Amino acid sequence: MTEETKVVEGAAQQQRQTPTDDRAKQQSDSATVAKWEQIHGRIRAEMAKSIVGQADVIDQMLIAILARGHSLLEGVPGLAKTLMVQSLANVLQLTFHRIQFTPDLMPSDITGTDVLQEDQITRQRQFTFVNGPIFANMLLGDEINRTPPKTQAAMLEAMQERQVSAGGKVHKLPEPFFVLATQNPLEQEGTYPLPEAQLDRFLLYIKVKYPSEREEWDIARKITSGADNKSKPVLTGEHIVMAQKLIHRMPVCDQVVGYACAIVRSSRPKQPNTPEFVNKYVSWGAGPRGVLALITAAKARALLHGRYHASVEDVQAIIRPALRHRLAPNYAALAAGVDTEKLIEMLLEAVPSQKKFEPPKEKE
């Protein structure tokens, strides 16, 4: 048994215990969380064998997975987005399928379809459902904006319901189940941009940037040297599911909830206490799902750092991928050169984290 497996199995055994006392349960969870910092380090080390740099992107994908959400990755071609997702699936020991979205792709090409088959013995014919590529733990939807809305909607429905309906029957998707879709910001002619309502289904909107000069040097050396870059497994799907349940149980203090709510509510124009720049530059702001994304992702980030509680700093660290697809700049913002990244920076400045947040009083 490898060192990585021992660490993970030790954490899993503690989480399988079911102490009757709430304090004992909390102590068991705290001990499990403390080991996740070491697990996080192992995952990073294995990912580094095939991916140079992009540590923030890898962490954000892990956060989305642990928070039981889906991710949308955007970056120019050649940044190893596909390799990154496939390597992460190998490290987590998850079944992996890839779909290349094209304009002629049909919904059944993703979800599967009923096929008429004949029994070799009875000669009776019946329809049998043949699973599509969406039946995997991790699905890479490559260039999702290059397929028509009908096909996009088929996948997004499965993302939300975690099931596929065909022929009057419901087929459950495997657990855990994640979709990591990619978008190419170039060559927008002939594409089908995701509507805002469908973008909101993604927990995080991750932007993949160019590597640094040193990282690009290391990429050239590693890829052209012929070295073995295969990553070793660190976790399994069972461990991921247990971590998701652990995150669901993790407590969140009023200060973190209040700060997340204040950020999201401040992003909505024409509301009480809305900053003036929001009224000037924003068509509509984030909805309640934005608050849930901030808090859940902050808890997942705390787990990766071996902490049993989320902090305001966790919310601030995840706010960009959690909200950049939930804010809509208006024409005045575009004319002034104010994009969503700038709006989020202005929100962080407008909402002081030092302020004491308390639950609002009910109206009489």
# chains A, B, ... in the order shown; residues from 1 in each chain; ligands from 1
$ select_by_dssp --residues "segment 270-299 of chain A" --states "alpha helix (DSSP H)" --output "tab-separated table (two decimals) with N, CA and C atoms, in the first residue's frame"
chain	number	residue	atom	x	y	z
A	276	GLU	N	-23.05	52.91	-6.15
A	276	GLU	CA	-23.43	53.70	-7.31
A	276	GLU	C	-22.88	53.11	-8.60
A	277	PHE	N	-21.66	52.56	-8.56
A	277	PHE	CA	-21.08	52.01	-9.79
A	277	PHE	C	-21.86	50.80	-10.28
A	278	VAL	N	-22.54	50.08	-9.39
A	278	VAL	CA	-23.37	48.94	-9.81
A	278	VAL	C	-24.59	49.45	-10.57
A	279	ASN	N	-25.24	50.48	-10.05
A	279	ASN	CA	-26.37	51.07	-10.76
A	279	ASN	C	-25.97	51.60	-12.13
A	280	LYS	N	-24.73	52.04	-12.24
A	280	LYS	CA	-24.26	52.64	-13.48
A	280	LYS	C	-23.82	51.61	-14.51
A	281	TYR	N	-23.20	50.51	-14.05
A	281	TYR	CA	-22.53	49.60	-14.98
A	281	TYR	C	-23.13	48.20	-15.08
A	288	PRO	N	-29.54	34.21	-5.76
A	288	PRO	CA	-29.23	33.41	-4.56
A	288	PRO	C	-28.26	32.27	-4.82
A	289	ARG	N	-28.25	31.75	-6.05
A	289	ARG	CA	-27.30	30.68	-6.35
A	289	ARG	C	-25.86	31.17	-6.23
A	290	GLY	N	-25.66	32.48	-6.43
A	290	GLY	CA	-24.33	33.04	-6.24
A	290	GLY	C	-23.87	32.95	-4.79
A	291	VAL	N	-24.79	33.19	-3.85
A	291	VAL	CA	-24.45	33.05	-2.43
A	291	VAL	C	-24.09	31.60	-2.11
A	292	LEU	N	-24.91	30.67	-2.61
A	292	LEU	CA	-24.65	29.26	-2.36
A	292	LEU	C	-23.31	28.84	-2.94
A	293	ALA	N	-23.00	29.35	-4.13
A	293	ALA	CA	-21.72	29.01	-4.76
A	293	ALA	C	-20.55	29.52	-3.93
A	294	LEU	N	-20.64	30.75	-3.44
A	294	LEU	CA	-19.57	31.32	-2.64
A	294	LEU	C	-19.34	30.53	-1.35
A	295	ILE	N	-20.41	30.21	-0.65
A	295	ILE	CA	-20.27	29.54	0.64
A	295	ILE	C	-19.79	28.10	0.46
A	296	THR	N	-20.40	27.37	-0.48
A	296	THR	CA	-20.02	25.98	-0.70
A	296	THR	C	-18.57	25.88	-1.18
A	297	ALA	N	-18.19	26.74	-2.13
A	297	ALA	CA	-16.82	26.71	-2.64
A	297	ALA	C	-15.83	27.13	-1.55
A	298	ALA	N	-16.21	28.08	-0.70
A	298	ALA	CA	-15.34	28.48	0.40
A	298	ALA	C	-15.11	27.33	1.37
A	299	LYS	N	-16.15	26.55	1.65
A	299	LYS	CA	-16.00	25.38	2.52
A	299	LYS	C	-15.09	24.33	1.87
$ residues_around --residues "Lys222 of chain A" --least-positions-apart "6" --cutoff "9 Å" --atoms "only C-alpha atoms" --output "short mmCIF file (atom, residue, chain, number, x, y, z; two decimals) with C-alpha atoms, in the first residue's frame"
data_model
loop_
_atom_site.label_atom_id
_atom_site.label_comp_id
_atom_site.auth_asym_id
_atom_site.auth_seq_id
_atom_site.Cartn_x
_atom_site.Cartn_y
_atom_site.Cartn_z
CA SER A 50 1.79 15.98 -16.47
CA VAL A 52 3.33 22.45 -15.49
CA ASN A 229 4.63 11.94 -17.18
#
$ residues_around --residues "Arg44 of chain A" --least-positions-apart "3" --cutoff "9 Å" --atoms "only C-alpha atoms" --output "PDB file with C-alpha atoms, in the first residue's frame"
ATOM      1  CA  ILE A  39      -4.038  14.740   0.474  1.00  0.00           C
ATOM      2  CA  HIS A  40      -4.209  18.058  -1.372  1.00  0.00           C
ATOM      3  CA  GLY A  41      -0.434  18.137  -1.532  1.00  0.00           C
ATOM      4  CA  MET A  47      -0.793  16.597 -11.313  1.00  0.00           C
ATOM      5  CA  ALA A  48       2.598  18.311 -11.633  1.00  0.00           C
ATOM      6  CA  LYS A  49       3.926  15.214 -13.415  1.00  0.00           C
ATOM      7  CA  ALA A  55      -1.957  25.499  -9.748  1.00  0.00           C
ATOM      8  CA  ILE A  58      -6.299  22.814 -10.678  1.00  0.00           C
ATOM      9  CA  ASP A  59      -7.345  23.961  -7.201  1.00  0.00           C
TER      10      ASP A  59
END
$ select_by_dssp --residues "segment 150-257 of chain A" --states "strand (DSSP E)" --output "PyMOL selection string"
chain A and resi 163-166+169-172+178-183+204-207
$ closest_residue --among "A:Leu323, A:Met84, A:Met346, A:Val76" --to "Leu186 of chain A" --atoms "only C-alpha atoms"
A:Val76
$ atom_distance --atom1 "atom CA of Glu341 of chain A" --atom2 "atom CA of Met159 of chain A"
26.4 Å
$ atom_distance --atom1 "atom CA of Gln152 of chain A" --atom2 "atom CA of Leu105 of chain A"
9.6 Å
$ closest_residue --among "A:Ile134, A:Leu235, A:Ile206, A:Ala166" --to "Asp56 of chain A" --atoms "only C-alpha atoms"
A:Ile206
$ residues_around --residues "Thr236 of chain A" --least-positions-apart "6" --cutoff "7 Å" --atoms "only C-alpha atoms" --output "ChimeraX atom specification"
/A:92-94
$ closest_residue --among "A:Leu204, A:Met106, A:Ile144, A:Ala45" --to "Arg68 of chain A" --atoms "only C-alpha atoms"
A:Leu204
$ closest_residue --among "A:Lys232, A:Lys150, A:Arg265, A:Arg42" --to "Val351 of chain A" --atoms "only C-alpha atoms"
A:Arg265
$ closest_residue --among "A:His171, A:Lys230, A:Lys361, A:Lys207" --to "Arg320 of chain A" --atoms "only C-alpha atoms"
A:Lys207
$ residues_around --residues "Asp314 of chain A" --least-positions-apart "2" --cutoff "12 Å" --atoms "only C-alpha atoms" --output "PyMOL selection string"
chain A and resi 60+63+252+256-257+259-260+293-305+307+309-312+316-320+322+353
$ decode --residues "segment 232-274 of chain A" --atoms "N, CA and C atoms" --output "PDB file, in the first residue's frame"
ATOM      1  N   LYS A 232      -0.149   9.100 -10.853  1.00  0.00           N
ATOM      2  CA  LYS A 232      -0.639   7.953 -10.101  1.00  0.00           C
ATOM      3  C   LYS A 232      -1.912   8.321  -9.352  1.00  0.00           C
ATOM      4  N   PRO A 233      -2.829   7.364  -9.168  1.00  0.00           N
ATOM      5  CA  PRO A 233      -4.070   7.646  -8.440  1.00  0.00           C
ATOM      6  C   PRO A 233      -3.800   8.001  -6.980  1.00  0.00           C
ATOM      7  N   VAL A 234      -4.610   8.914  -6.463  1.00  0.00           N
ATOM      8  CA  VAL A 234      -4.513   9.328  -5.065  1.00  0.00           C
ATOM      9  C   VAL A 234      -5.821   9.069  -4.332  1.00  0.00           C
ATOM     10  N   LEU A 235      -6.943   9.337  -4.994  1.00  0.00           N
ATOM     11  CA  LEU A 235      -8.258   9.148  -4.386  1.00  0.00           C
ATOM     12  C   LEU A 235      -9.094   8.206  -5.232  1.00  0.00           C
ATOM     13  N   THR A 236     -10.309   7.923  -4.748  1.00  0.00           N
ATOM     14  CA  THR A 236     -11.294   7.163  -5.512  1.00  0.00           C
ATOM     15  C   THR A 236     -12.615   7.927  -5.470  1.00  0.00           C
ATOM     16  N   GLY A 237     -13.562   7.449  -6.266  1.00  0.00           N
ATOM     17  CA  GLY A 237     -14.877   8.084  -6.271  1.00  0.00           C
ATOM     18  C   GLY A 237     -15.551   8.027  -4.917  1.00  0.00           C
ATOM     19  N   GLU A 238     -15.328   6.931  -4.175  1.00  0.00           N
ATOM     20  CA  GLU A 238     -15.926   6.809  -2.839  1.00  0.00           C
ATOM     21  C   GLU A 238     -15.401   7.897  -1.913  1.00  0.00           C
ATOM     22  N   HIS A 239     -14.097   8.159  -1.985  1.00  0.00           N
ATOM     23  CA  HIS A 239     -13.522   9.202  -1.135  1.00  0.00           C
ATOM     24  C   HIS A 239     -14.081  10.579  -1.499  1.00  0.00           C
ATOM     25  N   ILE A 240     -14.320  10.814  -2.783  1.00  0.00           N
ATOM     26  CA  ILE A 240     -14.878  12.094  -3.204  1.00  0.00           C
ATOM     27  C   ILE A 240     -16.282  12.272  -2.638  1.00  0.00           C
ATOM     28  N   VAL A 241     -17.106  11.229  -2.718  1.00  0.00           N
ATOM     29  CA  VAL A 241     -18.473  11.314  -2.201  1.00  0.00           C
ATOM     30  C   VAL A 241     -18.462  11.577  -0.693  1.00  0.00           C
ATOM     31  N   MET A 242     -17.571  10.913   0.034  1.00  0.00           N
ATOM     32  CA  MET A 242     -17.493  11.146   1.479  1.00  0.00           C
ATOM     33  C   MET A 242     -17.029  12.564   1.785  1.00  0.00           C
ATOM     34  N   ALA A 243     -16.103  13.083   0.984  1.00  0.00           N
ATOM     35  CA  ALA A 243     -15.654  14.460   1.180  1.00  0.00           C
ATOM     36  C   ALA A 243     -16.786  15.447   0.908  1.00  0.00           C
ATOM     37  N   GLN A 244     -17.613  15.162  -0.089  1.00  0.00           N
ATOM     38  CA  GLN A 244     -18.758  16.033  -0.372  1.00  0.00           C
ATOM     39  C   GLN A 244     -19.719  16.072   0.813  1.00  0.00           C
ATOM     40  N   LYS A 245     -19.976  14.913   1.409  1.00  0.00           N
ATOM     41  CA  LYS A 245     -20.861  14.864   2.580  1.00  0.00           C
ATOM     42  C   LYS A 245     -20.235  15.590   3.763  1.00  0.00           C
ATOM     43  N   LEU A 246     -18.922  15.473   3.905  1.00  0.00           N
ATOM     44  CA  LEU A 246     -18.222  16.164   4.988  1.00  0.00           C
ATOM     45  C   LEU A 246     -18.330  17.678   4.821  1.00  0.00           C
ATOM     46  N   ILE A 247     -18.159  18.159   3.596  1.00  0.00           N
ATOM     47  CA  ILE A 247     -18.279  19.594   3.342  1.00  0.00           C
ATOM     48  C   ILE A 247     -19.682  20.080   3.649  1.00  0.00           C
ATOM     49  N   HIS A 248     -20.674  19.257   3.340  1.00  0.00           N
ATOM     50  CA  HIS A 248     -22.062  19.632   3.626  1.00  0.00           C
ATOM     51  C   HIS A 248     -22.282  19.820   5.121  1.00  0.00           C
ATOM     52  N   ARG A 249     -21.562  19.040   5.941  1.00  0.00           N
ATOM     53  CA  ARG A 249     -21.720  19.137   7.400  1.00  0.00           C
ATOM     54  C   ARG A 249     -20.880  20.237   8.020  1.00  0.00           C
ATOM     55  N   MET A 250     -19.911  20.746   7.306  1.00  0.00           N
ATOM     56  CA  MET A 250     -19.004  21.738   7.896  1.00  0.00           C
ATOM     57  C   MET A 250     -19.768  22.994   8.312  1.00  0.00           C
ATOM     58  N   PRO A 251     -19.505  23.514   9.502  1.00  0.00           N
ATOM     59  CA  PRO A 251     -20.222  24.714   9.946  1.00  0.00           C
ATOM     60  C   PRO A 251     -19.701  25.977   9.262  1.00  0.00           C
ATOM     61  N   VAL A 252     -20.568  26.971   9.173  1.00  0.00           N
ATOM     62  CA  VAL A 252     -20.208  28.276   8.614  1.00  0.00           C
ATOM     63  C   VAL A 252     -20.685  29.347   9.580  1.00  0.00           C
ATOM     64  N   CYS A 253     -19.797  30.236   9.969  1.00  0.00           N
ATOM     65  CA  CYS A 253     -20.157  31.271  10.932  1.00  0.00           C
ATOM     66  C   CYS A 253     -20.961  32.378  10.249  1.00  0.00           C
ATOM     67  N   ASP A 254     -21.650  33.186  11.056  1.00  0.00           N
ATOM     68  CA  ASP A 254     -22.478  34.276  10.532  1.00  0.00           C
ATOM     69  C   ASP A 254     -21.655  35.294   9.760  1.00  0.00           C
ATOM     70  N   GLN A 255     -20.406  35.485  10.163  1.00  0.00           N
ATOM     71  CA  GLN A 255     -19.570  36.470   9.485  1.00  0.00           C
ATOM     72  C   GLN A 255     -19.335  36.091   8.029  1.00  0.00           C
ATOM     73  N   VAL A 256     -19.083  34.813   7.774  1.00  0.00           N
ATOM     74  CA  VAL A 256     -18.845  34.342   6.399  1.00  0.00           C
ATOM     75  C   VAL A 256     -20.134  34.402   5.591  1.00  0.00           C
ATOM     76  N   VAL A 257     -21.247  33.935   6.176  1.00  0.00           N
ATOM     77  CA  VAL A 257     -22.532  33.987   5.472  1.00  0.00           C
ATOM     78  C   VAL A 257     -22.917  35.438   5.189  1.00  0.00           C
ATOM     79  N   GLY A 258     -22.743  36.314   6.181  1.00  0.00           N
ATOM     80  CA  GLY A 258     -23.103  37.712   5.989  1.00  0.00           C
ATOM     81  C   GLY A 258     -22.263  38.394   4.934  1.00  0.00           C
ATOM     82  N   TYR A 259     -20.963  38.084   4.904  1.00  0.00           N
ATOM     83  CA  TYR A 259     -20.089  38.704   3.902  1.00  0.00           C
ATOM     84  C   TYR A 259     -20.459  38.231   2.503  1.00  0.00           C
ATOM     85  N   ALA A 260     -20.711  36.923   2.332  1.00  0.00           N
ATOM     86  CA  ALA A 260     -21.105  36.398   1.021  1.00  0.00           C
ATOM     87  C   ALA A 260     -22.421  37.015   0.569  1.00  0.00           C
ATOM     88  N   CYS A 261     -23.379  37.122   1.483  1.00  0.00           N
ATOM     89  CA  CYS A 261     -24.664  37.735   1.133  1.00  0.00           C
ATOM     90  C   CYS A 261     -24.485  39.208   0.770  1.00  0.00           C
ATOM     91  N   ALA A 262     -23.632  39.908   1.502  1.00  0.00           N
ATOM     92  CA  ALA A 262     -23.427  41.332   1.231  1.00  0.00           C
ATOM     93  C   ALA A 262     -22.797  41.551  -0.140  1.00  0.00           C
ATOM     94  N   ILE A 263     -21.846  40.711  -0.497  1.00  0.00           N
ATOM     95  CA  ILE A 263     -21.214  40.819  -1.814  1.00  0.00           C
ATOM     96  C   ILE A 263     -22.235  40.606  -2.920  1.00  0.00           C
ATOM     97  N   VAL A 264     -23.035  39.552  -2.791  1.00  0.00           N
ATOM     98  CA  VAL A 264     -24.005  39.224  -3.836  1.00  0.00           C
ATOM     99  C   VAL A 264     -25.099  40.277  -3.917  1.00  0.00           C
ATOM    100  N   ARG A 265     -25.615  40.709  -2.782  1.00  0.00           N
ATOM    101  CA  ARG A 265     -26.694  41.703  -2.793  1.00  0.00           C
ATOM    102  C   ARG A 265     -26.197  43.049  -3.316  1.00  0.00           C
ATOM    103  N   SER A 266     -24.920  43.337  -3.097  1.00  0.00           N
ATOM    104  CA  SER A 266     -24.364  44.594  -3.601  1.00  0.00           C
ATOM    105  C   SER A 266     -24.173  44.564  -5.110  1.00  0.00           C
ATOM    106  N   SER A 267     -24.223  43.367  -5.716  1.00  0.00           N
ATOM    107  CA  SER A 267     -24.038  43.265  -7.166  1.00  0.00           C
ATOM    108  C   SER A 267     -25.321  43.528  -7.936  1.00  0.00           C
ATOM    109  N   ARG A 268     -26.438  43.712  -7.235  1.00  0.00           N
ATOM    110  CA  ARG A 268     -27.734  43.889  -7.894  1.00  0.00           C
ATOM    111  C   ARG A 268     -28.088  45.368  -7.999  1.00  0.00           C
ATOM    112  N   PRO A 269     -28.349  45.857  -9.204  1.00  0.00           N
ATOM    113  CA  PRO A 269     -28.676  47.277  -9.364  1.00  0.00           C
ATOM    114  C   PRO A 269     -30.056  47.620  -8.806  1.00  0.00           C
ATOM    115  N   LYS A 270     -30.188  48.886  -8.445  1.00  0.00           N
ATOM    116  CA  LYS A 270     -31.458  49.459  -7.988  1.00  0.00           C
ATOM    117  C   LYS A 270     -32.018  48.737  -6.770  1.00  0.00           C
ATOM    118  N   GLN A 271     -31.130  48.394  -5.861  1.00  0.00           N
ATOM    119  CA  GLN A 271     -31.528  47.796  -4.587  1.00  0.00           C
ATOM    120  C   GLN A 271     -31.046  48.690  -3.458  1.00  0.00           C
ATOM    121  N   PRO A 272     -31.645  48.581  -2.265  1.00  0.00           N
ATOM    122  CA  PRO A 272     -31.165  49.382  -1.134  1.00  0.00           C
ATOM    123  C   PRO A 272     -29.684  49.119  -0.853  1.00  0.00           C
ATOM    124  N   ASN A 273     -28.948  50.167  -0.615  1.00  0.00           N
ATOM    125  CA  ASN A 273     -27.517  50.111  -0.283  1.00  0.00           C
ATOM    126  C   ASN A 273     -26.655  49.581  -1.432  1.00  0.00           C
ATOM    127  N   THR A 274     -27.176  49.618  -2.655  1.00  0.00           N
ATOM    128  CA  THR A 274     -26.364  49.218  -3.801  1.00  0.00           C
ATOM    129  C   THR A 274     -25.347  50.303  -4.129  1.00  0.00           C
TER     130      THR A 274
END
